[in-house]
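As stored in input.cif (mmCIF, C-alpha atoms):
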data_entry
loop_
_atom_site.label_atom_id
_atom_site.label_comp_id
_atom_site.auth_asym_id
_atom_site.auth_seq_id
_atom_site.Cartn_x
_atom_site.Cartn_y
_atom_site.Cartn_z
CA MET A 1 -3.78 -28.49 -11.48
CA THR A 2 -3.66 -26.55 -8.22
CA LEU A 3 -6.71 -26.04 -6.03
CA ASN A 4 -6.61 -22.30 -6.66
CA GLN A 5 -6.96 -22.45 -10.43
CA LEU A 6 -10.08 -20.83 -11.81
CA SER A 7 -10.07 -23.41 -14.60
CA SER A 8 -10.91 -26.98 -13.61
CA GLY A 9 -8.42 -28.50 -16.03
CA ASP A 10 -11.27 -30.49 -17.60
CA LEU A 11 -12.55 -29.13 -20.93
CA ILE A 12 -16.10 -30.46 -20.54
CA ALA A 13 -16.38 -29.20 -16.94
CA ASP A 14 -15.09 -25.78 -17.98
CA ARG A 15 -17.59 -25.63 -20.81
CA ARG A 16 -20.46 -26.45 -18.47
CA ALA A 17 -19.20 -23.83 -16.02
CA ASP A 18 -19.13 -21.25 -18.83
CA TYR A 19 -22.74 -22.09 -19.73
CA ALA A 20 -23.66 -21.87 -16.06
CA LYS A 21 -22.17 -18.39 -15.90
CA MET A 22 -24.20 -17.31 -18.93
CA LEU A 23 -27.37 -18.67 -17.34
CA ALA A 24 -26.65 -16.83 -14.09
CA GLU A 25 -26.01 -13.58 -15.96
CA ALA A 26 -29.33 -14.10 -17.78
CA GLY A 27 -31.15 -14.27 -14.43
CA GLU A 28 -31.44 -18.05 -14.15
CA PRO A 29 -29.35 -18.93 -11.08
CA GLU A 30 -31.17 -22.23 -10.37
CA SER A 31 -30.37 -23.55 -13.84
CA ALA A 32 -26.82 -22.26 -13.44
CA ALA A 33 -26.47 -24.14 -10.16
CA ASP A 34 -27.78 -27.36 -11.69
CA LEU A 35 -25.27 -27.14 -14.54
CA MET A 36 -22.47 -26.31 -12.10
CA VAL A 37 -23.30 -29.45 -10.12
CA GLN A 38 -22.84 -31.46 -13.33
CA ALA A 39 -19.44 -29.83 -13.86
CA LEU A 40 -18.37 -30.65 -10.32
CA GLU A 41 -19.34 -34.29 -10.75
CA ARG A 42 -16.43 -34.47 -13.20
CA VAL A 43 -13.97 -32.44 -11.07
CA PRO A 44 -15.03 -32.74 -7.41
CA ASP A 45 -11.78 -31.18 -6.14
CA TRP A 46 -12.26 -27.91 -8.05
CA ALA A 47 -12.37 -25.30 -5.27
CA ALA A 48 -13.21 -22.38 -7.57
CA GLY A 49 -16.10 -24.38 -9.01
CA TRP A 50 -17.60 -24.99 -5.56
CA PHE A 51 -17.30 -21.28 -4.84
CA ARG A 52 -19.17 -20.46 -8.06
CA LEU A 53 -21.84 -23.02 -7.13
CA ALA A 54 -22.26 -21.34 -3.74
CA ASP A 55 -22.96 -18.02 -5.46
CA TYR A 56 -25.61 -19.54 -7.74
CA GLU A 57 -27.25 -21.40 -4.87
CA GLU A 58 -27.39 -18.25 -2.76
CA LYS A 59 -28.97 -16.29 -5.61
CA SER A 60 -31.50 -19.11 -6.02
CA GLY A 61 -32.53 -18.69 -2.39
CA ARG A 62 -31.09 -22.08 -1.42
CA LYS A 63 -29.13 -20.90 1.59
CA GLU A 64 -28.21 -24.29 3.04
CA ALA A 65 -26.94 -25.51 -0.33
CA ALA A 66 -24.83 -22.34 -0.61
CA ILE A 67 -23.40 -22.95 2.87
CA ASP A 68 -22.54 -26.55 1.97
CA ALA A 69 -20.76 -25.40 -1.19
CA LEU A 70 -18.79 -22.78 0.72
CA ARG A 71 -17.72 -25.33 3.32
CA LYS A 72 -16.57 -27.60 0.50
CA THR A 73 -14.61 -24.68 -0.95
CA LEU A 74 -12.86 -24.14 2.37
CA SER A 75 -12.08 -27.82 2.80
CA LEU A 76 -10.35 -27.81 -0.60
CA ASN A 77 -8.70 -24.43 -0.13
CA PRO A 78 -8.04 -23.89 3.60
CA LYS A 79 -6.02 -20.70 2.99
CA ASP A 80 -9.27 -19.30 1.56
CA ILE A 81 -8.14 -17.38 -1.48
CA PHE A 82 -11.82 -16.95 -2.43
CA GLY A 83 -13.08 -15.39 0.81
CA ALA A 84 -15.46 -18.29 1.45
CA GLY A 85 -15.19 -17.74 5.21
CA LEU A 86 -16.44 -14.18 4.82
CA LYS A 87 -19.43 -15.43 2.81
CA LEU A 88 -20.20 -18.06 5.45
CA ALA A 89 -20.26 -15.34 8.09
CA LEU A 90 -22.68 -13.25 6.03
CA LEU A 91 -24.94 -16.28 5.69
CA GLY A 92 -24.92 -16.75 9.46
CA ALA A 93 -23.09 -20.08 9.31
CA THR A 94 -20.06 -18.94 11.29
CA GLU A 95 -18.85 -16.07 13.45
CA MET A 96 -17.68 -12.91 11.71
CA PRO A 97 -13.90 -13.15 11.25
CA GLU A 98 -11.93 -10.24 12.66
CA GLN A 99 -9.70 -10.21 9.58
CA PRO A 100 -10.16 -11.43 6.01
CA PRO A 101 -7.70 -14.03 4.71
CA SER A 102 -4.53 -12.30 3.49
CA LEU A 103 -4.45 -14.42 0.32
CA TYR A 104 -8.01 -13.37 -0.50
CA VAL A 105 -7.13 -9.66 -0.23
CA GLU A 106 -3.89 -10.14 -2.17
CA ARG A 107 -5.64 -11.95 -5.02
CA LEU A 108 -8.50 -9.47 -5.06
CA PHE A 109 -6.18 -6.55 -5.70
CA ASP A 110 -3.77 -8.44 -7.94
CA ASP A 111 -6.73 -9.16 -10.21
CA TYR A 112 -8.07 -5.60 -9.90
CA ALA A 113 -4.81 -3.71 -10.52
CA ASP A 114 -5.09 -3.22 -14.29
CA ARG A 115 -8.52 -1.60 -14.10
CA PHE A 116 -8.33 -0.13 -10.59
CA ASP A 117 -7.91 3.57 -11.40
CA HIS A 118 -10.48 3.59 -14.17
CA ALA A 119 -13.07 1.57 -12.25
CA LEU A 120 -12.81 3.56 -9.03
CA VAL A 121 -12.36 7.11 -10.22
CA GLU A 122 -14.37 7.14 -13.44
CA LYS A 123 -17.08 4.57 -12.73
CA LEU A 124 -17.54 4.63 -8.95
CA ASP A 125 -16.82 8.33 -8.33
CA TYR A 126 -14.15 7.43 -5.78
CA THR A 127 -13.09 10.51 -3.81
CA VAL A 128 -11.08 9.40 -0.76
CA PRO A 129 -7.59 10.46 -1.98
CA ASP A 130 -8.77 13.99 -2.85
CA LYS A 131 -10.85 14.42 0.28
CA LEU A 132 -8.22 13.01 2.62
CA ALA A 133 -5.54 15.24 1.09
CA ALA A 134 -7.86 18.24 1.48
CA LEU A 135 -8.51 17.38 5.14
CA ILE A 136 -4.76 17.28 5.79
CA GLU A 137 -4.32 20.57 3.93
CA ARG A 138 -6.98 22.35 5.98
CA SER A 139 -5.83 20.92 9.31
CA THR A 140 -2.12 21.64 8.85
CA ALA A 141 -2.29 24.95 6.98
CA GLY A 142 -0.50 23.40 4.02
CA ALA A 143 2.46 22.07 6.01
CA HIS A 144 5.12 19.94 4.30
CA PHE A 145 6.26 16.55 5.61
CA GLU A 146 9.75 15.13 5.81
CA HIS A 147 8.66 11.48 5.61
CA VAL A 148 5.26 10.12 4.53
CA VAL A 149 4.31 6.43 4.75
CA ASP A 150 1.32 5.48 2.60
CA LEU A 151 -0.12 2.19 3.92
CA GLY A 152 -2.11 0.20 1.39
CA CYS A 153 -0.88 2.55 -1.31
CA GLY A 154 -2.50 0.62 -4.16
CA THR A 155 -1.75 2.20 -7.52
CA GLY A 156 -0.66 5.44 -5.87
CA LEU A 157 -3.81 7.55 -6.02
CA PHE A 158 -3.19 9.15 -2.62
CA GLY A 159 0.56 9.27 -3.25
CA GLU A 160 -0.08 11.47 -6.28
CA ARG A 161 -2.02 13.91 -4.10
CA ILE A 162 0.58 14.15 -1.32
CA ARG A 163 3.80 13.92 -3.38
CA GLY A 164 4.23 17.69 -3.64
CA ARG A 165 4.21 18.02 0.15
CA ALA A 166 6.51 15.09 0.98
CA ALA A 167 10.30 15.18 1.00
CA PHE A 168 10.34 11.38 1.10
CA LEU A 169 7.36 9.19 0.22
CA GLU A 170 7.15 5.45 0.69
CA GLY A 171 4.28 3.10 -0.03
CA PHE A 172 3.34 -0.38 1.13
CA ASP A 173 0.78 -2.78 -0.28
CA ILE A 174 -0.09 -6.47 -0.06
CA SER A 175 -0.54 -6.72 -3.84
CA ALA A 176 2.52 -7.04 -6.07
CA ASN A 177 0.48 -5.97 -9.10
CA MET A 178 -0.68 -2.82 -7.34
CA LEU A 179 2.91 -2.00 -6.42
CA LEU A 180 3.93 -2.36 -10.07
CA LYS A 181 1.24 0.15 -11.06
CA ALA A 182 2.41 2.55 -8.35
CA GLU A 183 6.03 2.15 -9.45
CA ALA A 184 5.11 3.05 -13.02
CA LYS A 185 3.79 6.42 -11.83
CA ALA A 186 7.24 7.32 -10.42
CA VAL A 187 5.61 8.96 -7.41
CA TYR A 188 7.22 7.06 -4.52
CA ASP A 189 10.80 7.12 -3.29
CA ARG A 190 10.41 3.59 -1.95
CA LEU A 191 7.83 0.83 -2.42
CA ALA A 192 7.60 -2.51 -0.63
CA ARG A 193 5.14 -5.30 0.07
CA ALA A 194 3.45 -5.44 3.48
CA ASP A 195 0.57 -7.28 5.14
CA LEU A 196 -1.17 -4.97 7.61
CA SER A 197 -3.05 -7.86 9.21
CA LEU A 198 0.20 -9.16 10.73
CA PRO A 199 1.94 -7.94 13.90
CA PRO A 200 4.28 -4.96 13.36
CA GLU A 201 7.47 -7.04 13.38
CA GLN A 202 6.05 -9.44 10.75
CA SER A 203 4.14 -6.94 8.63
CA GLY A 204 6.98 -5.88 6.32
CA VAL A 205 6.65 -2.22 7.30
CA PHE A 206 9.77 -2.29 9.47
CA GLY A 207 12.56 -4.85 9.03
CA ASN A 208 15.43 -2.78 7.61
CA PHE A 209 13.33 0.38 7.90
CA ALA A 210 13.48 2.49 11.07
CA ALA A 211 10.64 2.90 13.54
CA ALA A 212 9.33 6.39 14.38
CA ARG A 213 10.38 7.59 10.92
CA ALA A 214 7.15 9.17 9.65
CA ASP A 215 5.61 12.54 10.36
CA LEU A 216 2.57 11.49 8.30
CA VAL A 217 1.07 8.02 7.90
CA SER A 218 -1.88 7.57 5.55
CA ALA A 219 -4.33 4.71 4.98
CA ALA A 220 -6.75 5.82 2.26
CA ASP A 221 -9.60 3.34 1.70
CA VAL A 222 -7.59 0.49 3.21
CA LEU A 223 -9.00 -0.30 6.64
CA MET A 224 -12.29 -1.67 5.30
CA TYR A 225 -10.27 -4.74 4.33
CA LEU A 226 -9.05 -5.34 7.88
CA GLY A 227 -11.93 -5.55 10.37
CA ASN A 228 -10.22 -5.45 13.77
CA LEU A 229 -7.85 -2.48 13.57
CA ASP A 230 -5.87 -2.98 16.75
CA GLY A 231 -2.91 -4.47 14.86
CA VAL A 232 -2.71 -1.74 12.24
CA ALA A 233 -3.01 0.91 14.98
CA GLY A 234 0.04 -0.70 16.59
CA ILE A 235 1.93 -0.46 13.29
CA VAL A 236 0.99 3.20 12.94
CA GLY A 237 2.01 3.95 16.52
CA GLU A 238 5.47 2.52 15.85
CA LEU A 239 5.79 4.36 12.54
CA LEU A 240 4.90 7.83 13.79
CA SER A 241 7.44 10.26 15.13
CA SER A 242 6.55 12.68 17.92
CA GLN A 243 3.72 14.97 16.73
CA GLY A 244 3.28 12.79 13.64
CA LEU A 245 -0.13 12.61 11.94
CA PHE A 246 -2.26 9.63 10.97
CA ALA A 247 -4.76 10.32 8.16
CA PHE A 248 -7.18 7.54 7.19
CA SER A 249 -10.67 6.59 6.11
CA VAL A 250 -13.22 3.94 7.02
CA GLU A 251 -16.66 2.99 5.77
CA ASP A 252 -19.21 4.31 8.25
CA ALA A 253 -20.94 1.58 10.28
CA GLY A 254 -23.52 4.10 11.45
CA ALA A 255 -25.31 3.04 14.62
CA ALA A 256 -23.65 -0.39 14.63
CA ASP A 257 -21.26 -1.06 17.48
CA GLY A 258 -17.61 -1.71 16.69
CA PHE A 259 -17.18 -3.03 13.17
CA VAL A 260 -19.41 -5.06 10.85
CA LEU A 261 -18.92 -7.14 7.73
CA ARG A 262 -21.02 -5.95 4.80
CA PRO A 263 -22.33 -7.92 1.78
CA SER A 264 -19.58 -6.22 -0.26
CA LEU A 265 -17.15 -8.30 1.89
CA ARG A 266 -15.73 -5.03 3.23
CA TYR A 267 -15.83 -4.00 6.88
CA ALA A 268 -17.45 -0.83 8.18
CA HIS A 269 -16.38 0.80 11.45
CA SER A 270 -18.23 3.05 13.86
CA GLU A 271 -16.87 6.43 14.92
CA THR A 272 -16.97 5.28 18.56
CA TYR A 273 -14.84 2.26 17.74
CA ILE A 274 -12.24 4.45 16.01
CA ARG A 275 -12.17 7.00 18.83
CA ASP A 276 -11.67 4.26 21.42
CA LEU A 277 -8.95 2.63 19.29
CA LEU A 278 -7.01 5.87 18.87
CA ALA A 279 -7.24 6.62 22.57
CA LEU A 280 -6.04 3.11 23.42
CA HIS A 281 -2.96 3.64 21.26
CA GLY A 282 -2.24 7.10 22.62
CA LEU A 283 -3.28 9.10 19.55
CA ASP A 284 -5.17 12.39 19.84
CA MET A 285 -8.06 13.20 17.51
CA VAL A 286 -7.47 16.23 15.30
CA ALA A 287 -10.35 16.15 12.81
CA VAL A 288 -13.33 13.99 11.79
CA GLU A 289 -15.36 14.33 8.59
CA ARG A 290 -18.27 12.27 7.25
CA THR A 291 -18.61 12.17 3.48
CA VAL A 292 -19.68 10.03 0.53
CA ILE A 293 -16.57 8.13 -0.53
CA ARG A 294 -17.81 6.15 -3.56
CA MET A 295 -20.83 4.70 -5.29
CA ASP A 296 -21.66 1.00 -5.05
CA ALA A 297 -24.40 -0.56 -7.21
CA GLY A 298 -25.71 2.95 -7.79
CA GLN A 299 -25.91 3.76 -4.07
CA PRO A 300 -23.67 6.22 -2.19
CA ILE A 301 -21.32 4.72 0.39
CA THR A 302 -20.73 6.97 3.40
CA GLY A 303 -17.31 7.00 5.00
CA ILE A 304 -15.54 8.80 7.80
CA LEU A 305 -12.21 10.58 7.37
CA PHE A 306 -10.00 10.91 10.43
CA LEU A 307 -6.87 12.82 11.28
CA ALA A 308 -5.08 11.95 14.52
CA ARG A 309 -1.81 13.01 16.08
CA LYS A 310 0.82 11.26 18.17
CA PRO A 311 1.54 13.51 21.16
CA ALA A 312 5.03 14.71 21.99
#

Will you turn the file into structure tokens for me?
Amino acid sequence: MTLNQLSSGDLIADRRADYAKMLAEAGEPESAADLMVQALERVPDWAAGWFRLADYEEKSGRKEAAIDALRKTLSLNPKDIFGAGLKLALLGATEMPEQPPSLYVERLFDDYADRFDHALVEKLDYTVPDKLAALIERSTAGAHFEHVVDLGCGTGLFGERIRGRAAFLEGFDISANMLLKAEAKAVYDRLARADLSLPPEQSGVFGNFAAARADLVSAADVLMYLGNLDGVAGIVGELLSSQGLFAFSVEDAGAADGFVLRPSLRYAHSETYIRDLLALHGLDMVAVERTVIRMDAGQPITGILFLARKPA
């Protein structure tokens, strides 16, 4: 058994965890937590079990117990595949991390890949690919691009929208399962794995691939999984050719300063933060548009679409 397994490896503990889940779904988180404690008495090194317990304790209003369970999760799984550090920050037990753990983001999207398109487009009214493509269309008078780099390409939703205007289209994503879904659509000329939280030379975006190769770089609904965007702005700056465009979206932090971590475990960024970031990296603002980008728990999520240009 590895620490990352969602099963404990103990039949009785797994059965108690299953009952705990049913109790939580029935609106009885305290009973679920009590049963989860019994399961963990049998398998005290089960990191996923401690993470589940933290969720039930939080929903029971037992904040300190939730914090203790999250700390136990992290001690058993220091690479934090579950995002326990993000939850600790939301509970006020630690400082907000500037980046989520890469393994957490990778696992999140590996698990989500099979239902990603259906869940986002049909259930959550996800509109970023269409709206970002329309913003580019309006701002460039329908121009075509020699080389487009789609960062965080996912299953290829934005790639499908820009394919007809790109002579060469490449996509990068941290999730191997997402890349397989994108490959099946036969939209991209090249696909590769990349981690945008790493420095440019370690990210996977360059390596055997040339710098300054793109006249359009996109990041559609990606940057809310990054927090501090200085590193990804550096990657974009190295990717863009002279007069190249950077089209991207963020969740709108509103009046908040900089960026904030939301209960969804996604980051939201302020327009001021983005403007300052672009200026710092020598990119000129071309267009800004606020819009609803998806629904979440029945509520509209407002985002900001940006288009910036690298000067000659």

**OP:** Would you work out the distance separating atom CA of A:Asn208 from atom CA of A:Leu240, expressed in Å to one decimal?
**Re:**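 Result for atom CA of A:Asn208 versus atom CA of A:Leu240: 16.2 Å, one decimal.
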
Original post:
Between A:Phe246, A:Phe109, A:Tyr56, A:Trp50, which has the minimum distance to A:Thr73 (counting only C-alpha atoms)?
Top reply: A:Trp50

Subject >> Residue members of the PyMOL selection byres ((chain A and resi 59) around 10) in the file shown, as a ChimeraX atom specification >> reply: /A:24,27-30,33,53-58,60-63,66

Subject >> Pick from A:Ile301, A:Ala287, A:Ala93, A:Ala312 nearest to A:Ala134, counting only C-alpha atoms >> reply: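 Answer, going by the shortest atom-to-atom distance: A:Ala287.
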
**OP:** Could you tell me which residues the PyMOL selection byres ((chain A and resi 264) around 12) returns for this structure, as a PyMOL selection string?
**Re:** chain A and resi 83+86-87+90+224-225+251+260-263+265-268+296-297+301

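Evaluating the PyMOL selection byres ((chain A and resi 172) around 8) against the shown model yields Val149, Asp150, Leu151, Gly152, Cys153, Gly154, Glu170, Gly171, Asp173, Ile174, Leu179, Leu191, Ala192, Arg193, Ala194 and Val205 of chain A.
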
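With atom CA of A:His144 on one side and atom CA of A:Ala167 on the other, the separation reads 7.8 Å.
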